[in-house]
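**Q** Pasting protein15.cif here (mmCIF, C-alpha atoms (C1' of nucleotides)):
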data_run
loop_
_atom_site.label_atom_id
_atom_site.label_comp_id
_atom_site.auth_asym_id
_atom_site.auth_seq_id
_atom_site.Cartn_x
_atom_site.Cartn_y
_atom_site.Cartn_z
CA MET A 436 -107.08 -40.53 74.75
CA ARG A 437 -104.33 -40.59 77.21
CA LYS A 438 -101.69 -38.99 75.12
CA ARG A 439 -100.40 -35.52 75.87
CA LYS A 440 -98.27 -33.73 73.38
CA SER A 441 -95.65 -31.26 74.58
CA PRO A 442 -95.26 -30.52 78.32
CA ALA A 443 -95.22 -33.58 80.54
CA PRO A 444 -98.61 -33.51 82.28
CA VAL A 445 -97.06 -33.90 85.69
CA GLU A 446 -95.07 -30.74 85.14
CA GLU A 447 -98.08 -28.79 84.08
CA LEU A 448 -99.79 -30.04 87.22
CA ALA A 449 -96.79 -29.06 89.29
CA SER A 450 -96.83 -25.58 87.84
CA ARG A 451 -100.51 -25.10 88.56
CA LEU A 452 -100.21 -26.54 92.03
CA HIS A 453 -97.32 -24.22 92.72
CA SER A 454 -99.32 -21.23 91.64
CA ALA A 455 -102.38 -22.28 93.61
CA ALA A 456 -100.29 -22.73 96.75
CA ILE A 457 -98.82 -19.26 96.37
CA HIS A 458 -102.20 -17.64 96.04
CA LEU A 459 -103.74 -19.70 98.78
CA LEU A 460 -101.09 -18.71 101.30
CA ARG A 461 -101.19 -15.11 100.28
CA HIS A 462 -104.89 -15.16 100.99
CA VAL A 463 -104.74 -16.74 104.41
CA ARG A 464 -101.79 -14.64 105.47
CA LYS A 465 -103.94 -11.53 105.50
CA ALA A 466 -105.46 -12.80 108.72
CA ASP A 467 -102.07 -12.73 110.42
CA SER A 468 -101.66 -9.00 110.57
CA ALA A 469 -104.25 -8.90 113.33
CA THR A 470 -101.82 -10.63 115.70
CA GLY A 471 -99.28 -7.82 115.59
CA GLU A 472 -96.42 -10.31 115.22
CA GLY A 473 -94.35 -10.98 112.12
CA PRO A 474 -94.43 -14.23 110.16
CA ALA A 475 -91.16 -15.64 111.52
CA ARG A 476 -92.34 -15.20 115.07
CA LEU A 477 -95.75 -16.70 114.45
CA SER A 478 -94.15 -19.63 112.70
CA ALA A 479 -91.70 -20.32 115.51
CA LEU A 480 -94.45 -19.92 118.09
CA SER A 481 -96.50 -22.45 116.19
CA VAL A 482 -93.77 -25.04 116.49
CA LEU A 483 -93.51 -24.42 120.21
CA VAL A 484 -97.24 -24.71 120.71
CA PHE A 485 -97.56 -27.94 118.75
CA ALA A 486 -94.31 -29.65 119.63
CA GLY A 487 -93.79 -28.31 123.15
CA PRO A 488 -90.77 -26.57 124.68
CA MET A 489 -87.40 -27.19 123.07
CA PRO A 490 -83.88 -25.78 123.05
CA LEU A 491 -83.16 -22.84 120.82
CA GLY A 492 -80.99 -24.77 118.40
CA LYS A 493 -83.64 -27.39 117.78
CA LEU A 494 -86.22 -24.71 117.19
CA ALA A 495 -83.87 -23.04 114.73
CA ALA A 496 -83.46 -26.33 112.89
CA ALA A 497 -87.22 -26.88 112.82
CA GLU A 498 -87.64 -23.45 111.32
CA GLN A 499 -84.76 -23.95 108.93
CA VAL A 500 -82.95 -20.85 110.10
CA LYS A 501 -79.54 -20.38 111.70
CA PRO A 502 -79.20 -20.05 115.48
CA PRO A 503 -78.47 -16.30 115.49
CA THR A 504 -81.70 -15.68 113.65
CA MET A 505 -83.62 -17.73 116.17
CA THR A 506 -81.97 -15.89 119.03
CA ARG A 507 -83.59 -12.71 117.79
CA ILE A 508 -86.94 -14.26 116.98
CA ALA A 509 -87.06 -15.71 120.48
CA ALA A 510 -86.03 -12.37 121.96
CA GLY A 511 -88.91 -10.67 120.16
CA LEU A 512 -91.41 -13.28 121.27
CA GLU A 513 -90.16 -13.01 124.82
CA LYS A 514 -90.49 -9.24 124.80
CA SER A 515 -94.11 -9.70 123.76
CA GLY A 516 -94.65 -12.23 126.56
CA LEU A 517 -95.49 -15.06 124.18
CA VAL A 518 -92.61 -17.37 125.12
CA GLU A 519 -90.28 -17.77 128.07
CA ARG A 520 -86.72 -19.04 128.41
CA VAL A 521 -86.46 -21.82 130.90
CA GLY A 522 -82.77 -22.71 131.12
CA ASP A 523 -82.02 -26.40 131.01
CA ALA A 524 -81.30 -27.98 134.36
CA GLY A 525 -78.94 -30.67 133.15
CA ASP A 526 -77.00 -28.63 130.59
CA GLY A 527 -76.07 -25.06 131.38
CA ARG A 528 -75.48 -24.15 127.75
CA ARG A 529 -78.97 -24.94 126.67
CA VAL A 530 -81.88 -22.55 126.77
CA LEU A 531 -85.27 -24.13 126.58
CA ILE A 532 -87.93 -22.02 124.93
CA ALA A 533 -91.55 -22.54 125.89
CA ALA A 534 -94.76 -20.90 124.76
CA THR A 535 -96.60 -19.08 127.52
CA ALA A 536 -100.35 -19.35 128.01
CA LYS A 537 -100.69 -16.00 126.28
CA GLY A 538 -98.56 -17.27 123.42
CA LYS A 539 -100.67 -20.39 122.97
CA GLN A 540 -103.82 -18.38 123.06
CA LEU A 541 -102.61 -15.86 120.49
CA LEU A 542 -101.35 -18.54 118.17
CA LEU A 543 -104.45 -20.68 118.29
CA ALA A 544 -106.68 -17.68 117.70
CA GLY A 545 -104.56 -16.73 114.70
CA GLN A 546 -104.67 -20.23 113.28
CA ARG A 547 -108.39 -20.25 113.69
CA HIS A 548 -108.65 -17.08 111.66
CA ARG A 549 -106.45 -18.49 108.93
CA VAL A 550 -108.35 -21.73 108.75
CA GLU A 551 -111.72 -20.07 108.86
CA SER A 552 -110.82 -17.71 106.09
CA LEU A 553 -109.72 -20.64 103.98
CA ALA A 554 -112.72 -22.75 104.92
CA ARG A 555 -114.98 -19.92 103.81
CA GLU A 556 -113.45 -20.18 100.36
CA LEU A 557 -113.60 -23.95 100.28
CA ARG A 558 -117.30 -23.92 100.99
CA THR A 559 -117.84 -22.26 97.64
CA ILE A 560 -116.62 -25.25 95.69
CA PRO A 561 -118.92 -28.19 94.90
CA PRO A 562 -118.87 -31.22 97.24
CA LYS A 563 -117.69 -33.48 94.46
CA ASP A 564 -114.57 -31.38 94.04
CA LEU A 565 -114.14 -31.20 97.78
CA HIS A 566 -113.96 -34.93 97.75
CA SER A 567 -111.23 -34.86 95.13
CA LEU A 568 -109.46 -32.25 97.19
CA GLN A 569 -109.60 -34.44 100.21
CA LYS A 570 -108.00 -37.32 98.40
CA ALA A 571 -105.44 -35.03 96.84
CA ILE A 572 -104.43 -33.62 100.20
CA THR A 573 -104.03 -37.06 101.66
CA ALA A 574 -101.65 -37.86 98.82
CA LEU A 575 -99.76 -34.60 99.23
CA GLU A 576 -99.35 -35.26 102.92
CA LYS A 577 -97.27 -38.31 102.06
CA ILE A 578 -94.83 -36.03 100.29
CA PHE A 579 -95.01 -33.04 102.61
CA PRO A 580 -95.83 -34.43 106.03
CA PRO A 581 -98.40 -32.48 108.05
CA HIS A 582 -98.16 -30.56 111.31
CA SER A 583 -95.38 -28.36 112.53
CA GLU A 584 -96.58 -25.29 110.68
CA LYS A 585 -93.26 -23.78 109.98
CA LYS A 586 -92.13 -21.26 107.46
CA PRO A 587 -94.89 -20.14 105.09
CA MET B 926 -119.33 -44.02 104.75
CA ARG B 927 -119.91 -40.43 104.02
CA LYS B 928 -120.71 -39.13 107.46
CA ARG B 929 -118.29 -37.07 109.50
CA LYS B 930 -118.91 -36.41 113.15
CA SER B 931 -117.58 -33.46 115.12
CA PRO B 932 -115.22 -30.83 113.57
CA ALA B 933 -116.70 -29.31 110.44
CA PRO B 934 -115.02 -31.37 107.74
CA VAL B 935 -114.39 -28.33 105.60
CA GLU B 936 -112.36 -26.76 108.37
CA GLU B 937 -110.30 -29.83 108.90
CA LEU B 938 -109.68 -29.87 105.18
CA ALA B 939 -108.74 -26.21 105.23
CA SER B 940 -106.27 -26.82 108.01
CA ARG B 941 -104.62 -29.70 106.19
CA LEU B 942 -104.57 -27.83 102.92
CA HIS B 943 -103.00 -24.87 104.64
CA SER B 944 -100.29 -27.04 106.11
CA ALA B 945 -99.64 -28.83 102.82
CA ALA B 946 -99.30 -25.52 101.00
CA ILE B 947 -96.78 -24.28 103.53
CA HIS B 948 -94.63 -27.36 103.21
CA LEU B 949 -94.96 -27.48 99.47
CA LEU B 950 -93.74 -23.94 99.04
CA ARG B 951 -90.95 -24.38 101.50
CA HIS B 952 -89.78 -27.31 99.45
CA VAL B 953 -89.82 -25.61 96.06
CA ARG B 954 -88.26 -22.47 97.44
CA LYS B 955 -85.00 -24.27 98.00
CA ALA B 956 -84.43 -24.14 94.26
CA ASP B 957 -84.50 -20.34 94.35
CA SER B 958 -81.26 -19.85 96.19
CA ALA B 959 -79.41 -20.80 93.02
CA THR B 960 -80.57 -17.59 91.34
CA GLY B 961 -78.76 -15.34 93.81
CA GLU B 962 -81.81 -13.09 94.09
CA GLY B 963 -84.19 -12.80 97.02
CA PRO B 964 -87.85 -13.83 96.97
CA ALA B 965 -89.31 -10.35 96.62
CA ARG B 966 -87.17 -9.66 93.56
CA LEU B 967 -87.93 -12.98 91.92
CA SER B 968 -91.60 -12.47 92.55
CA ALA B 969 -91.64 -8.99 91.05
CA LEU B 970 -89.56 -10.14 88.12
CA SER B 971 -92.05 -12.91 87.53
CA VAL B 972 -94.88 -10.42 87.20
CA LEU B 973 -92.87 -8.38 84.73
CA VAL B 974 -92.01 -11.42 82.65
CA PHE B 975 -95.57 -12.71 82.49
CA ALA B 976 -97.51 -9.47 82.33
CA GLY B 977 -95.01 -7.29 80.47
CA PRO B 978 -93.60 -3.87 81.37
CA MET B 979 -95.62 -1.71 83.72
CA PRO B 980 -95.24 1.40 85.86
CA LEU B 981 -93.77 1.02 89.30
CA GLY B 982 -97.00 1.70 91.14
CA LYS B 983 -98.88 -0.95 89.29
CA LEU B 984 -96.14 -3.45 89.95
CA ALA B 985 -96.25 -2.54 93.63
CA ALA B 986 -100.00 -3.14 93.66
CA ALA B 987 -99.59 -6.47 91.88
CA GLU B 988 -97.08 -7.50 94.51
CA GLN B 989 -99.21 -6.14 97.33
CA VAL B 990 -96.44 -3.94 98.64
CA LYS B 991 -96.22 -0.17 99.04
CA PRO B 992 -94.47 1.95 96.41
CA PRO B 993 -91.35 2.70 98.50
CA THR B 994 -90.76 -1.01 98.88
CA MET B 995 -91.08 -1.53 95.15
CA THR B 996 -88.70 1.33 94.50
CA ARG B 997 -86.01 -0.60 96.29
CA ILE B 998 -86.87 -3.98 94.82
CA ALA B 999 -86.70 -2.44 91.34
CA ALA B 1000 -83.40 -0.75 92.21
CA GLY B 1001 -81.94 -4.10 93.22
CA LEU B 1002 -83.17 -5.82 90.09
CA GLU B 1003 -81.78 -3.01 87.99
CA LYS B 1004 -78.40 -3.22 89.66
CA SER B 1005 -78.34 -6.91 88.72
CA GLY B 1006 -79.28 -6.07 85.14
CA LEU B 1007 -82.54 -8.02 85.28
CA VAL B 1008 -84.89 -5.09 84.64
CA GLU B 1009 -84.59 -1.64 83.16
CA ARG B 1010 -86.41 1.62 83.76
CA VAL B 1011 -87.91 2.99 80.63
CA GLY B 1012 -89.49 6.32 81.58
CA ASP B 1013 -92.95 6.89 80.21
CA ALA B 1014 -93.11 9.11 77.14
CA GLY B 1015 -96.55 10.58 77.78
CA ASP B 1016 -96.27 11.06 81.55
CA GLY B 1017 -93.05 12.30 83.09
CA ARG B 1018 -93.92 11.07 86.57
CA ARG B 1019 -94.23 7.48 85.54
CA VAL B 1020 -91.38 5.02 85.38
CA LEU B 1021 -92.01 1.92 83.36
CA ILE B 1022 -90.18 -1.17 84.54
CA ALA B 1023 -89.36 -3.89 82.04
CA ALA B 1024 -87.60 -7.23 82.36
CA THR B 1025 -84.41 -7.46 80.31
CA ALA B 1026 -83.53 -10.53 78.24
CA LYS B 1027 -81.22 -11.58 81.05
CA GLY B 1028 -84.03 -11.12 83.53
CA LYS B 1029 -86.44 -13.25 81.54
CA GLN B 1030 -83.85 -15.93 81.11
CA LEU B 1031 -83.00 -16.05 84.81
CA LEU B 1032 -86.62 -16.13 85.85
CA LEU B 1033 -87.68 -18.84 83.46
CA ALA B 1034 -84.74 -21.02 84.43
CA GLY B 1035 -85.65 -20.57 88.08
CA GLN B 1036 -89.29 -21.42 87.49
CA ARG B 1037 -88.21 -24.51 85.64
CA HIS B 1038 -86.19 -25.61 88.63
CA ARG B 1039 -89.08 -25.03 90.99
CA VAL B 1040 -91.53 -26.88 88.83
CA GLU B 1041 -89.17 -29.74 88.16
CA SER B 1042 -88.45 -30.18 91.83
CA LEU B 1043 -92.16 -30.31 92.54
CA ALA B 1044 -92.87 -32.58 89.58
CA ARG B 1045 -90.27 -35.01 90.88
CA GLU B 1046 -92.27 -35.30 94.08
CA LEU B 1047 -95.57 -35.60 92.29
CA ARG B 1048 -94.32 -38.53 90.25
CA THR B 1049 -94.08 -40.51 93.46
CA ILE B 1050 -97.80 -40.48 94.05
CA PRO B 1051 -100.11 -43.00 92.35
CA PRO B 1052 -101.83 -41.96 89.09
CA LYS B 1053 -105.24 -42.33 90.66
CA ASP B 1054 -104.37 -39.70 93.24
CA LEU B 1055 -102.80 -37.54 90.58
CA HIS B 1056 -106.15 -37.52 88.90
CA SER B 1057 -107.83 -36.35 92.08
CA LEU B 1058 -105.16 -33.74 92.43
CA GLN B 1059 -105.81 -32.50 88.96
CA LYS B 1060 -109.49 -32.05 89.65
CA ALA B 1061 -108.76 -30.44 93.00
CA ILE B 1062 -106.43 -27.93 91.45
CA THR B 1063 -108.96 -27.00 88.84
CA ALA B 1064 -111.41 -26.28 91.63
CA LEU B 1065 -108.87 -24.30 93.63
CA GLU B 1066 -108.07 -22.21 90.60
CA LYS B 1067 -111.61 -20.90 90.65
CA ILE B 1068 -110.96 -19.52 94.11
CA PHE B 1069 -107.36 -18.45 93.65
CA PRO B 1070 -107.03 -17.57 89.98
CA PRO B 1071 -103.85 -18.77 88.29
CA HIS B 1072 -101.01 -16.89 86.68
CA SER B 1073 -99.25 -13.81 87.91
CA GLU B 1074 -96.96 -15.71 90.26
CA LYS B 1075 -96.66 -13.12 92.91
CA LYS B 1076 -95.71 -13.29 96.55
CA PRO B 1077 -94.96 -16.80 97.75
"C1'" DC C 772 -102.48 31.21 81.66
"C1'" DC C 773 -101.44 30.36 86.60
"C1'" DG C 774 -101.97 28.76 90.89
"C1'" DA C 775 -103.93 24.79 93.62
"C1'" DT C 776 -104.58 20.03 93.85
"C1'" DT C 777 -103.67 15.42 92.82
"C1'" DT C 778 -100.75 11.77 91.39
"C1'" DC C 779 -96.33 9.17 91.00
"C1'" DG C 780 -92.20 8.09 92.55
"C1'" DT C 781 -88.30 8.74 95.71
"C1'" DT C 782 -85.91 9.70 100.10
"C1'" DA C 783 -85.44 9.14 105.09
"C1'" DG C 784 -85.90 6.56 108.96
"C1'" DC C 785 -87.73 2.51 111.54
"C1'" DA C 786 -88.58 -2.69 112.37
"C1'" DT C 787 -88.24 -7.55 111.11
"C1'" DA C 788 -85.71 -11.32 109.33
"C1'" DG C 789 -82.06 -13.66 107.08
"C1'" DC C 790 -76.81 -14.55 106.89
"C1'" DT C 791 -71.53 -15.25 108.41
"C1'" DA C 792 -67.85 -14.57 111.61
"C1'" DA C 793 -66.24 -14.19 116.02
"C1'" DC C 794 -67.00 -14.67 120.91
"C1'" DT C 795 -68.44 -16.75 125.62
"C1'" DA C 796 -69.77 -20.34 128.45
"C1'" DA C 797 -70.43 -25.05 129.52
"C1'" DT C 798 -69.79 -29.94 128.60
"C1'" DT C 799 -67.08 -33.76 127.15
"C1'" DA C 800 -62.87 -36.11 125.95
"C1'" DT C 801 -57.96 -37.02 126.39
"C1'" DA D 282 -56.35 -30.60 133.86
"C1'" DT D 283 -56.37 -29.18 129.68
"C1'" DA D 284 -58.13 -29.57 124.97
"C1'" DA D 285 -61.88 -30.01 121.91
"C1'" DT D 286 -66.73 -29.72 121.06
"C1'" DT D 287 -71.22 -27.79 121.50
"C1'" DA D 288 -74.89 -24.11 122.54
"C1'" DG D 289 -76.12 -19.46 122.35
"C1'" DT D 290 -75.10 -14.76 121.83
"C1'" DT D 291 -73.11 -10.56 119.85
"C1'" DA D 292 -71.73 -7.71 115.97
"C1'" DG D 293 -72.39 -6.27 111.57
"C1'" DC D 294 -74.05 -6.94 106.74
"C1'" DT D 295 -78.17 -7.39 103.34
"C1'" DA D 296 -82.95 -7.64 102.06
"C1'" DT D 297 -87.87 -6.52 102.80
"C1'" DG D 298 -91.62 -4.49 104.83
"C1'" DC D 299 -93.77 0.06 106.69
"C1'" DT D 300 -95.08 5.37 107.32
"C1'" DA D 301 -94.10 10.18 106.76
"C1'" DA D 302 -92.34 13.77 104.20
"C1'" DC D 303 -90.82 15.47 99.87
"C1'" DG D 304 -90.22 16.56 94.80
"C1'" DA D 305 -91.75 16.71 90.23
"C1'" DA D 306 -95.19 16.31 86.78
"C1'" DA D 307 -100.11 16.51 85.33
"C1'" DT D 308 -104.61 18.26 85.82
"C1'" DC D 309 -108.18 21.42 87.28
"C1'" DG D 310 -110.43 26.03 88.44
"C1'" DG D 311 -110.69 30.39 87.65
#
Please render this file's structure as structure tokens.

**A**
Amino acid sequence: MRKRKSPAPVEELASRLHSAAIHLLRHVRKADSATGEGPARLSALSVLVFAGPMPLGKLAAAEQVKPPTMTRIAAGLEKSGLVERVGDAGDGRRVLIAATAKGKQLLLAGQRHRVESLARELRTIPPKDLHSLQKAITALEKIFPPHSEKKP
Amino acid sequence: MRKRKSPAPVEELASRLHSAAIHLLRHVRKADSATGEGPARLSALSVLVFAGPMPLGKLAAAEQVKPPTMTRIAAGLEKSGLVERVGDAGDGRRVLIAATAKGKQLLLAGQRHRVESLARELRTIPPKDLHSLQKAITALEKIFPPHSEKKP
DNA sequence: CCGATTTCGTTAGCATAGCTAACTAATTAT
DNA sequence: ATAATTAGTTAGCTATGCTAACGAAATCGG
């Protein structure tokens, strides 16, 4: 019995996956409010923590925003003491942005909260399904490559 | 080979799932720009289309925003002709918000684009993994119940 | 029935986050 | 040396979020 009738099964799957992703992120995002920083800032900070210091334009590209937007995000993060501008030695136009120790600490703590809140939920599902989930994630990671936790 | 060693496997899974969800949504969201409406409006419109007309406060609660925010989202949708205010007969304070035919049409077309763009990606993964994915989603839906496509 | 309270929505004012266009400064190319 | 390119910033618009304060309608107490 492998026949489906009307909606292509892959599309039904896509629709359900889409919905699940929306709800999942909405759930974990509740943990973020504790940091006192907005989502764009946390996301940019995350890139800096995981990928290391980089010029503003590259960070903007990684975050899929335009440079003026990143200028302001960086300004906000700097005002909070979470990043610092370094000023490229070789190229006077460039401005390297680097996470400070405080920034790293805040980000990692926040990530931990997110992950823990999600892990709490995952523990409620049976191990057999967890195993399916694990295989599914591995497959999804081929489509949407992991790390560099950008824009949620 | 079922043993894992150091970091609680569920937490590693949570972290990867979190990342995959972020990237997945970022991918499908590209399709939204074609609608000309912002994410908050599309999300609210989605609730109206799937759950039917409702008072502003209830819509705000469904979207997890405060009433003043929903007042403006509704105003924007109304200006675009995608929803209309109906004005409750029995209670003069209430304002029922309903999707117009145009609103339903725009939303459903947008959803179709999102789902198709995701389905295109899913078709690239092997059927065996798709089967795991299907079981995984079913499990996730017990945690994050489906339908009512709110805030991405 | 009438005033007090509660409830629903809006208005006002603030912050974040996105954009384009126009500018400045620095590097590279001619 | 000057022109063109590149990197960031500034200015100004829109959209989304919030809280506080307000107005109007319903409900409750007497």

**Q** Would you write out, as a VMD selection string, every residue that the PyMOL selection byres ((chain D) within 10 of (chain A)) captures in this file?

**A** chain D and resid 287 to 291

**Q** Please find the residues of chain A near chain B - the criterion being any atom within 8 Å, counting only C-alpha atoms - and write them as a ChimeraX atom specification.

**A** /A:445-446,448-461,550-551,553-554,556-558,560,564-565,567-572,574-576,578-582,584-587

**Q** Residues of chain C no more than 12 Å from chain A, counting all atoms listed in the file: send them over as a count of residues only.

**A** 12

**Q** Do you have the atom CA of A:Leu542-atom C1' of D:DG298 distance handy?

**A**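 It comes out at 21.7 Å.
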
**Q** Evaluated on this file, the PyMOL selection byres ((chain C and resi 773) around 12) picks out some residues - which ones are they, written as a ChimeraX atom specification?

**A** /C:772,774-775 /D:309-311

**Q** Would you mind reading off the distance between atom CA of A:Gly522 and atom CA of A:Ala510, one decimal, in Å?

**A**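 Value for the atom CA of A:Gly522-atom CA of A:Ala510 distance: 14.2 Å.
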
**Q** Once the PyMOL selection byres ((chain B and resi 1022-1030) around 9) has been applied to the shown file, what residues remain in the selection, as an mmCIF file with C-alpha atoms, in the coordinates of the input?

**A**
data_model
loop_
_atom_site.group_PDB
_atom_site.id
_atom_site.type_symbol
_atom_site.label_atom_id
_atom_site.label_comp_id
_atom_site.auth_asym_id
_atom_site.auth_seq_id
_atom_site.Cartn_x
_atom_site.Cartn_y
_atom_site.Cartn_z
ATOM 1 C CA LEU B 970 -89.560 -10.140 88.120
ATOM 2 C CA SER B 971 -92.050 -12.910 87.530
ATOM 3 C CA LEU B 973 -92.870 -8.380 84.730
ATOM 4 C CA VAL B 974 -92.010 -11.420 82.650
ATOM 5 C CA GLY B 977 -95.010 -7.290 80.470
ATOM 6 C CA PRO B 978 -93.600 -3.870 81.370
ATOM 7 C CA MET B 979 -95.620 -1.710 83.720
ATOM 8 C CA PRO B 980 -95.240 1.400 85.860
ATOM 9 C CA LEU B 981 -93.770 1.020 89.300
ATOM 10 C CA LEU B 984 -96.140 -3.450 89.950
ATOM 11 C CA ALA B 999 -86.700 -2.440 91.340
ATOM 12 C CA LEU B 1002 -83.170 -5.820 90.090
ATOM 13 C CA SER B 1005 -78.340 -6.910 88.720
ATOM 14 C CA GLY B 1006 -79.280 -6.070 85.140
ATOM 15 C CA LEU B 1007 -82.540 -8.020 85.280
ATOM 16 C CA VAL B 1008 -84.890 -5.090 84.640
ATOM 17 C CA GLU B 1009 -84.590 -1.640 83.160
ATOM 18 C CA ARG B 1010 -86.410 1.620 83.760
ATOM 19 C CA VAL B 1011 -87.910 2.990 80.630
ATOM 20 C CA GLY B 1012 -89.490 6.320 81.580
ATOM 21 C CA VAL B 1020 -91.380 5.020 85.380
ATOM 22 C CA LEU B 1021 -92.010 1.920 83.360
ATOM 23 C CA LEU B 1031 -83.000 -16.050 84.810
ATOM 24 C CA LEU B 1032 -86.620 -16.130 85.850
ATOM 25 C CA LEU B 1033 -87.680 -18.840 83.460
ATOM 26 C CA ALA B 1034 -84.740 -21.020 84.430
ATOM 27 C CA GLY B 1035 -85.650 -20.570 88.080
#

**Q** Work out how far atom C1' of D:DC294 is from atom C1' of C:DT781, in Å to one decimal.

**A**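 It comes out at 23.9 Å.
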
**Q** Can you tell me, as a PyMOL selection string, what residues are no more than 12 Å from D:DA302 when counting all atoms listed in the file, ignoring any on the same chain fewer than 5 positions away?

**A** chain C and resi 781-784
